[in-house]
There are 6 protein chains.
Amino acid sequence: MPRVTVHRKAHFNAAHRIYRKDWSDDKNFDVFSKCSNPHYHGHNYELIVSLTGEIDQETGYVYDLGKLKELIKQEVEEPFDHKNLNVEVEEFKDLIPTAENICVVIYNKLRKVIADHLDIKITLYETPRNFVSFEG
Amino acid sequence: MPRVTVHRKAHFNAAHRIYRKDWSDDKNFDVFSKCSNPHYHGHNYELIVSLTGEIDQETGYVYDLGKLKELIKQEVEEPFDHKNLNVEVEEFKDLIPTAENICVVIYNKLRKVIADHLDIKITLYETPRNFVSFEG
Amino acid sequence: MPRVTVHRKAHFNAAHRIYRKDWSDDKNFDVFSKCSNPHYHGHNYELIVSLTGEIDQETGYVYDLGKLKELIKQEVEEPFDHKNLNVEVEEFKDLIPTAENICVVIYNKLRKVIADHLDIKITLYETPRNFVSFEG
Amino acid sequence: MPRVTVHRKAHFNAAHRIYRKDWSDDKNFDVFSKCSNPHYHGHNYELIVSLTGEIDQETGYVYDLGKLKELIKQEVEEPFDHKNLNVEVEEFKDLIPTAENICVVIYNKLRKVIADHLDIKITLYETPRNFVSFEG
Amino acid sequence: MPRVTVHRKAHFNAAHRIYRKDWSDDKNFDVFSKCSNPHYHGHNYELIVSLTGEIDQETGYVYDLGKLKELIKQEVEEPFDHKNLNVEVEEFKDLIPTAENICVVIYNKLRKVIADHLDIKITLYETPRNFVSFEG
Amino acid sequence: MPRVTVHRKAHFNAAHRIYRKDWSDDKNFDVFSKCSNPHYHGHNYELIVSLTGEIDQETGYVYDLGKLKELIKQEVEEPFDHKNLNVEVEEFKDLIPTAENICVVIYNKLRKVIADHLDIKITLYETPRNFVSFEG
């Protein structure tokens, strides 16, 4: 059976700081430049969640995008939106919130709540010019 | 020989209704929500057709995008644009016009008129936040 | 006091038909071309509501955009989204649902629920290439 | 002489918090909701600076957009980009960094360095759906 | 009667060079920098034509956007698209093809073929970050 | 170890002509239509460079996007921006500057300066509707 991919875009705003706690501010600045600002900066993150699977012959859907919208709200938007990722989001207590790591964290959260016969791909825009993607 | 992909964007507007004829309006609403509105609703569909093949050494083209534009016009825009997909498009007489099914129908129509050594991928935006893709 | 404009984007999908009931299908086609298709077609409408007024010195807001989002939902999205404008929306029972007329109808609905000291401008995209605007 | 407007887009990322220092966290939350988060959140701000004036007959320019790019860099991007607006930007020490206030602050900074015969308009996107504009 | 604005987007690609024939290449480079490259460079120009007038009570249109599309094709796209503006377009034989001047030229061409009771505004994007507008 | 892809967008403007030196102007026009205009035309090229590799456990980065920005500037923007590709860019002295060939040239230039454990994909927009991609 042919497999089709369905995609849903979502959005959240957050503050973050890119730094290692075990490095000095100077060393952090050397490696991470202005992204290591101790007072934080922030982004409008644009998220695309893509699910690949067979079309259900009864409904014509691979996955109900209304349900996917709700899942993204519950797993990503509510815990991340208008938050300081370093300070308020458990997953980044000991993990640097680079776009790469945020993307993998979102993948892992959704992988737990979406059935295994569906492949997942996550695309995360940190700015309109910088973005990352991960498919497990 | 390396293979390159060429992509062409196109556009059509259409009305549709997501429902099964063998279900009651209530059952259709339970499953398909407001998308099952018996009076129809509609979308601006954005379409991307992607063809992958070797670069022709004489022309530097994988496929003349002017010709692809004409093929899309003939196979997709003329039969679908400003139409009611359920009522006026043969392929959806017995197939629910979900984005997934529209995407596969477009793939099959173009597969018949594009040479086999070219791979085809179809991406179809139903809204800026909901889209699907299919590569056979 | 200087006046600042705040803008909020929203979105709805609808079916419509551009035609006059007192004209024949042929005459409607002559004037409105494929937009007069008796089986309807549809669009993803993108809406921008712009309010101009003085900045409230206590809050730094001209108008709370969260409240504007709710007003747009109540006055525009709920009555128009996933609807057939000709058949299901009272305002278009005797008014052709061109983008121009939809834009004025939205202006009039919001004018009634937004205080007079704020100027209103409505911008409505029917497609990414065709749009209209109205400021009373 | 006819007057033409030239526009230049720019970009900066920043953290901020919408709150009044003389209100409790609860009162701030009542009025500003999640935007008052004490740990900050952030945005990718998109900025458009528009200058209106006569075309210089010698150069065909209203204003050299390369020079405007540099002015925006010096007056806006360097002081605001990757900063915490509340903590690190002088203008917001006693002014709530709402989009409205940021827009007026940028206008005032550019008004001082651009000749009076040119009109200035500032448009500031806080998110793709929320934006503000000010023309003095 | 309230006046509504209708907008139509169009597109053309062209090569150009920003320079004065009566200046040396060095002087042109001093003033116009890399835009004065004697071998030309080019752009995808995005054009928005905006017409403001009263809604025709019979059709619900301010101006038929299908007709405006054809006018833009005839007056702008055919003479400018895939052309070298300096060499092949009469209007720029003695006029520097800056975005400002191209915008005024397009305004003047359309002003001649659109009825006087309609106001015209032209917006021209030279790049996604640099654009100009003119309303007569 | 899972592999993540990081993407960086960049931009350049250039003039070009699609033609074969060993064909007559008439034959070039037959095959390449208006793209063969002997006086050149031009585009705003949008470029996406995508690198796939493992996340560095020390920094949380696959590749520092600030460094990638500089590499793209050095290898692509400086040699191509505001240039006539046929006349001024060595790689196209004997290679037709179609989007396909430009895309492969950019791939080859970056492949030499990026470590082998990273996969590279190049996406190049010639217009918003025509684009190409290549992954080696």
# chains A, B, ... in the order shown; residues from 1 in each chain; ligands from 1
call {"tool": "closest_atom_pairs", "arguments": {"of": "chain E", "to": "chain C", "cutoff": "12 Å", "atoms": "only C-alpha atoms", "output": "JSON lines"}}
result
{"residue": "E:Met1", "atom": "CA", "partner": "C:Gly136", "partner_atom": "CA", "distance": 9.6}
{"residue": "E:Pro2", "atom": "CA", "partner": "C:Gly136", "partner_atom": "CA", "distance": 6.2}
{"residue": "E:Arg3", "atom": "CA", "partner": "C:Phe134", "partner_atom": "CA", "distance": 7.1}
{"residue": "E:Val4", "atom": "CA", "partner": "C:Phe134", "partner_atom": "CA", "distance": 4.9}
{"residue": "E:Thr5", "atom": "CA", "partner": "C:Ser133", "partner_atom": "CA", "distance": 5.1}
{"residue": "E:Val6", "atom": "CA", "partner": "C:Val132", "partner_atom": "CA", "distance": 4.3}
{"residue": "E:His7", "atom": "CA", "partner": "C:Phe131", "partner_atom": "CA", "distance": 5.1}
{"residue": "E:Arg8", "atom": "CA", "partner": "C:Asn130", "partner_atom": "CA", "distance": 5.0}
{"residue": "E:Lys9", "atom": "CA", "partner": "C:Arg129", "partner_atom": "CA", "distance": 4.7}
{"residue": "E:Ala10", "atom": "CA", "partner": "C:Arg129", "partner_atom": "CA", "distance": 7.4}
{"residue": "E:His11", "atom": "CA", "partner": "C:Arg129", "partner_atom": "CA", "distance": 10.2}
{"residue": "E:Glu46", "atom": "CA", "partner": "C:Arg129", "partner_atom": "CA", "distance": 10.6}
{"residue": "E:Leu47", "atom": "CA", "partner": "C:Arg129", "partner_atom": "CA", "distance": 10.0}
{"residue": "E:Ile48", "atom": "CA", "partner": "C:Arg129", "partner_atom": "CA", "distance": 8.6}
{"residue": "E:Val49", "atom": "CA", "partner": "C:Asn130", "partner_atom": "CA", "distance": 10.1}
{"residue": "E:Ser50", "atom": "CA", "partner": "C:Val132", "partner_atom": "CA", "distance": 8.6}
{"residue": "E:Leu51", "atom": "CA", "partner": "C:Val132", "partner_atom": "CA", "distance": 9.3}
{"residue": "E:Thr52", "atom": "CA", "partner": "C:Ser133", "partner_atom": "CA", "distance": 9.0}
{"residue": "E:Gly53", "atom": "CA", "partner": "C:Phe134", "partner_atom": "CA", "distance": 10.4}
{"residue": "E:Glu54", "atom": "CA", "partner": "C:Glu100", "partner_atom": "CA", "distance": 9.7}
{"residue": "E:Ile55", "atom": "CA", "partner": "C:Glu100", "partner_atom": "CA", "distance": 7.2}
{"residue": "E:Asp56", "atom": "CA", "partner": "C:Glu100", "partner_atom": "CA", "distance": 9.9}
{"residue": "E:Gln57", "atom": "CA", "partner": "C:Leu95", "partner_atom": "CA", "distance": 9.4}
{"residue": "E:Glu58", "atom": "CA", "partner": "C:Arg20", "partner_atom": "CA", "distance": 8.4}
{"residue": "E:Thr59", "atom": "CA", "partner": "C:Ile96", "partner_atom": "CA", "distance": 7.5}
{"residue": "E:Gly60", "atom": "CA", "partner": "C:Thr98", "partner_atom": "CA", "distance": 5.9}
{"residue": "E:Tyr61", "atom": "CA", "partner": "C:Glu100", "partner_atom": "CA", "distance": 6.4}
{"residue": "E:Val62", "atom": "CA", "partner": "C:Glu100", "partner_atom": "CA", "distance": 7.3}
{"residue": "E:Tyr63", "atom": "CA", "partner": "C:Glu100", "partner_atom": "CA", "distance": 9.8}
{"residue": "E:Asp64", "atom": "CA", "partner": "C:Phe32", "partner_atom": "CA", "distance": 8.6}
{"residue": "E:Leu65", "atom": "CA", "partner": "C:Asn130", "partner_atom": "CA", "distance": 7.4}
{"residue": "E:Gly66", "atom": "CA", "partner": "C:Ser33", "partner_atom": "CA", "distance": 9.2}
{"residue": "E:Lys67", "atom": "CA", "partner": "C:Phe32", "partner_atom": "CA", "distance": 11.0}
{"residue": "E:Leu68", "atom": "CA", "partner": "C:Asn130", "partner_atom": "CA", "distance": 10.4}
{"residue": "E:Lys69", "atom": "CA", "partner": "C:Asn130", "partner_atom": "CA", "distance": 9.8}
call {"tool": "write_last_selection", "arguments": {"atoms": "N, CA, C and O atoms", "output": "tab-separated table (two decimals), in the first residue's frame"}}
result
chain	number	residue	atom	x	y	z
E	1	MET	N	-20.49	57.60	-0.73
E	1	MET	CA	-20.31	56.13	-0.87
E	1	MET	C	-18.93	55.70	-0.39
E	1	MET	O	-17.92	56.30	-0.77
E	2	PRO	N	-18.88	54.64	0.40
E	2	PRO	CA	-17.56	54.18	0.87
E	2	PRO	C	-16.73	53.65	-0.30
E	2	PRO	O	-17.27	53.12	-1.27
E	3	ARG	N	-15.44	53.82	-0.20
E	3	ARG	CA	-14.53	53.39	-1.26
E	3	ARG	C	-13.69	52.20	-0.76
E	3	ARG	O	-13.18	52.21	0.35
E	4	VAL	N	-13.58	51.20	-1.60
E	4	VAL	CA	-12.86	49.97	-1.28
E	4	VAL	C	-11.66	49.85	-2.22
E	4	VAL	O	-11.71	50.35	-3.35
E	5	THR	N	-10.58	49.22	-1.75
E	5	THR	CA	-9.39	49.03	-2.58
E	5	THR	C	-9.27	47.56	-2.97
E	5	THR	O	-9.39	46.68	-2.11
E	6	VAL	N	-9.05	47.30	-4.26
E	6	VAL	CA	-8.76	45.93	-4.71
E	6	VAL	C	-7.30	45.88	-5.15
E	6	VAL	O	-6.79	46.84	-5.73
E	7	HIS	N	-6.65	44.76	-4.84
E	7	HIS	CA	-5.22	44.60	-5.07
E	7	HIS	C	-4.98	43.34	-5.90
E	7	HIS	O	-5.58	42.29	-5.64
E	8	ARG	N	-4.06	43.44	-6.85
E	8	ARG	CA	-3.67	42.27	-7.65
E	8	ARG	C	-2.15	42.16	-7.66
E	8	ARG	O	-1.46	43.13	-7.96
E	9	LYS	N	-1.63	40.96	-7.34
E	9	LYS	CA	-0.19	40.71	-7.39
E	9	LYS	C	0.22	40.15	-8.74
E	9	LYS	O	-0.50	39.32	-9.31
E	10	ALA	N	1.38	40.58	-9.22
E	10	ALA	CA	1.93	40.04	-10.46
E	10	ALA	C	3.45	39.91	-10.28
E	10	ALA	O	3.98	40.19	-9.20
E	11	HIS	N	4.14	39.50	-11.34
E	11	HIS	CA	5.53	39.09	-11.20
E	11	HIS	C	6.25	39.26	-12.53
E	11	HIS	O	5.69	38.96	-13.58
E	46	GLU	N	8.29	41.55	-7.68
E	46	GLU	CA	6.89	41.28	-7.31
E	46	GLU	C	6.16	42.61	-7.34
E	46	GLU	O	6.63	43.59	-6.74
E	47	LEU	N	5.03	42.65	-8.01
E	47	LEU	CA	4.28	43.88	-8.22
E	47	LEU	C	2.90	43.75	-7.60
E	47	LEU	O	2.24	42.73	-7.75
E	48	ILE	N	2.45	44.80	-6.88
E	48	ILE	CA	1.06	44.86	-6.42
E	48	ILE	C	0.44	46.13	-7.00
E	48	ILE	O	0.95	47.23	-6.79
E	49	VAL	N	-0.66	45.95	-7.75
E	49	VAL	CA	-1.42	47.09	-8.28
E	49	VAL	C	-2.70	47.20	-7.45
E	49	VAL	O	-3.45	46.23	-7.33
E	50	SER	N	-2.93	48.39	-6.87
E	50	SER	CA	-4.09	48.62	-6.00
E	50	SER	C	-4.97	49.71	-6.60
E	50	SER	O	-4.48	50.79	-6.91
E	51	LEU	N	-6.27	49.41	-6.75
E	51	LEU	CA	-7.22	50.38	-7.31
E	51	LEU	C	-8.29	50.67	-6.27
E	51	LEU	O	-8.88	49.72	-5.71
E	52	THR	N	-8.56	51.95	-6.03
E	52	THR	CA	-9.56	52.34	-5.03
E	52	THR	C	-10.72	53.05	-5.70
E	52	THR	O	-10.53	53.99	-6.48
E	53	GLY	N	-11.93	52.57	-5.39
E	53	GLY	CA	-13.13	53.20	-5.95
E	53	GLY	C	-14.37	52.65	-5.26
E	53	GLY	O	-14.28	51.83	-4.34
E	54	GLU	N	-15.52	53.08	-5.73
E	54	GLU	CA	-16.78	52.60	-5.14
E	54	GLU	C	-17.13	51.22	-5.69
E	54	GLU	O	-16.78	50.88	-6.82
E	55	ILE	N	-17.83	50.44	-4.88
E	55	ILE	CA	-18.30	49.13	-5.33
E	55	ILE	C	-19.45	49.34	-6.32
E	55	ILE	O	-20.40	50.05	-6.03
E	56	ASP	N	-19.35	48.70	-7.48
E	56	ASP	CA	-20.44	48.71	-8.46
E	56	ASP	C	-21.60	47.89	-7.88
E	56	ASP	O	-21.43	46.70	-7.56
E	57	GLN	N	-22.75	48.53	-7.73
E	57	GLN	CA	-23.87	47.85	-7.05
E	57	GLN	C	-24.40	46.67	-7.86
E	57	GLN	O	-25.02	45.76	-7.31
E	58	GLU	N	-24.18	46.66	-9.16
E	58	GLU	CA	-24.70	45.56	-9.97
E	58	GLU	C	-23.83	44.30	-9.84
E	58	GLU	O	-24.35	43.18	-9.79
E	59	THR	N	-22.51	44.48	-9.79
E	59	THR	CA	-21.62	43.31	-9.81
E	59	THR	C	-20.94	43.03	-8.47
E	59	THR	O	-20.39	41.95	-8.27
E	60	GLY	N	-20.94	44.01	-7.56
E	60	GLY	CA	-20.22	43.82	-6.31
E	60	GLY	C	-18.72	43.98	-6.47
E	60	GLY	O	-17.96	43.68	-5.55
E	61	TYR	N	-18.28	44.42	-7.63
E	61	TYR	CA	-16.85	44.61	-7.91
E	61	TYR	C	-16.48	46.09	-7.89
E	61	TYR	O	-17.27	46.94	-8.35
E	62	VAL	N	-15.28	46.43	-7.43
E	62	VAL	CA	-14.70	47.74	-7.70
E	62	VAL	C	-14.10	47.73	-9.11
E	62	VAL	O	-14.25	48.67	-9.88
E	63	TYR	N	-13.45	46.62	-9.43
E	63	TYR	CA	-12.82	46.45	-10.75
E	63	TYR	C	-12.65	44.95	-10.92
E	63	TYR	O	-12.20	44.27	-9.99
E	64	ASP	N	-12.96	44.43	-12.07
E	64	ASP	CA	-12.84	42.99	-12.32
E	64	ASP	C	-11.35	42.60	-12.28
E	64	ASP	O	-10.57	43.03	-13.13
E	65	LEU	N	-10.95	41.80	-11.27
E	65	LEU	CA	-9.53	41.48	-11.12
E	65	LEU	C	-9.00	40.62	-12.27
E	65	LEU	O	-7.80	40.61	-12.53
E	66	GLY	N	-9.88	39.92	-12.96
E	66	GLY	CA	-9.46	39.21	-14.17
E	66	GLY	C	-9.04	40.20	-15.26
E	66	GLY	O	-8.03	39.99	-15.95
E	67	LYS	N	-9.78	41.30	-15.37
E	67	LYS	CA	-9.40	42.34	-16.35
E	67	LYS	C	-8.12	43.04	-15.92
E	67	LYS	O	-7.28	43.38	-16.75
E	68	LEU	N	-7.97	43.28	-14.61
E	68	LEU	CA	-6.75	43.93	-14.13
E	68	LEU	C	-5.53	43.04	-14.40
E	68	LEU	O	-4.47	43.52	-14.81
E	69	LYS	N	-5.71	41.73	-14.20
E	69	LYS	CA	-4.63	40.77	-14.51
E	69	LYS	C	-4.19	40.90	-15.97
E	69	LYS	O	-2.99	40.93	-16.27
call {"tool": "residues_around", "arguments": {"residues": "Glu77 (chain C)", "least_positions_apart": "2", "cutoff": "9 Å", "atoms": "only C-alpha atoms", "output": "list in words"}}
result
Ala10, His11, Phe12, Asn13, Ile72, Lys73, Gln74, Glu75, Pro79, Phe80, Asp81 and His82 of chain C
call {"tool": "select_by_dssp", "arguments": {"residues": "region 47-129 of chain D", "states": "strand (DSSP E)", "output": "PyMOL selection string"}}
result
chain D and resi 47-54+83-84+119-125
call {"tool": "write_last_selection", "arguments": {"atoms": "C-alpha atoms", "output": "mmCIF file, in the first residue's frame"}}
result
data_model
loop_
_atom_site.group_PDB
_atom_site.id
_atom_site.type_symbol
_atom_site.label_atom_id
_atom_site.label_comp_id
_atom_site.auth_asym_id
_atom_site.auth_seq_id
_atom_site.Cartn_x
_atom_site.Cartn_y
_atom_site.Cartn_z
ATOM 1 C CA LEU D 47 10.791 45.314 11.205
ATOM 2 C CA ILE D 48 9.865 47.414 8.159
ATOM 3 C CA VAL D 49 11.179 50.977 7.974
ATOM 4 C CA SER D 50 9.438 53.118 5.322
ATOM 5 C CA LEU D 51 10.706 56.536 4.193
ATOM 6 C CA THR D 52 8.654 58.835 1.964
ATOM 7 C CA GLY D 53 10.152 61.669 -0.061
ATOM 8 C CA GLU D 54 10.896 62.950 -3.535
ATOM 9 C CA LYS D 83 18.879 41.151 24.185
ATOM 10 C CA ASN D 84 16.432 41.069 27.074
ATOM 11 C CA ASP D 119 8.383 60.944 6.461
ATOM 12 C CA ILE D 120 8.985 57.784 8.484
ATOM 13 C CA LYS D 121 6.659 54.843 9.082
ATOM 14 C CA ILE D 122 7.570 51.880 11.284
ATOM 15 C CA THR D 123 5.900 48.463 11.042
ATOM 16 C CA LEU D 124 6.851 45.831 13.620
ATOM 17 C CA TYR D 125 5.790 42.164 13.524
#
call {"tool": "select_by_dssp", "arguments": {"residues": "chain A", "states": "helix (DSSP H, G or I)", "output": "PyMOL selection string"}}
result
chain A and resi 25-36+65-80+85-88+90-92+99-111
call {"tool": "closest_residue", "arguments": {"among": "C:Glu91, C:Ala14, C:Asn86, C:Glu126", "to": "Lys109 (chain C)", "atoms": "only C-alpha atoms"}}
result
C:Glu91
call {"tool": "atom_distance", "arguments": {"atom1": "CA of Val105 (chain E)", "atom2": "CA of Phe92 (chain E)"}}
result
9.0 Å
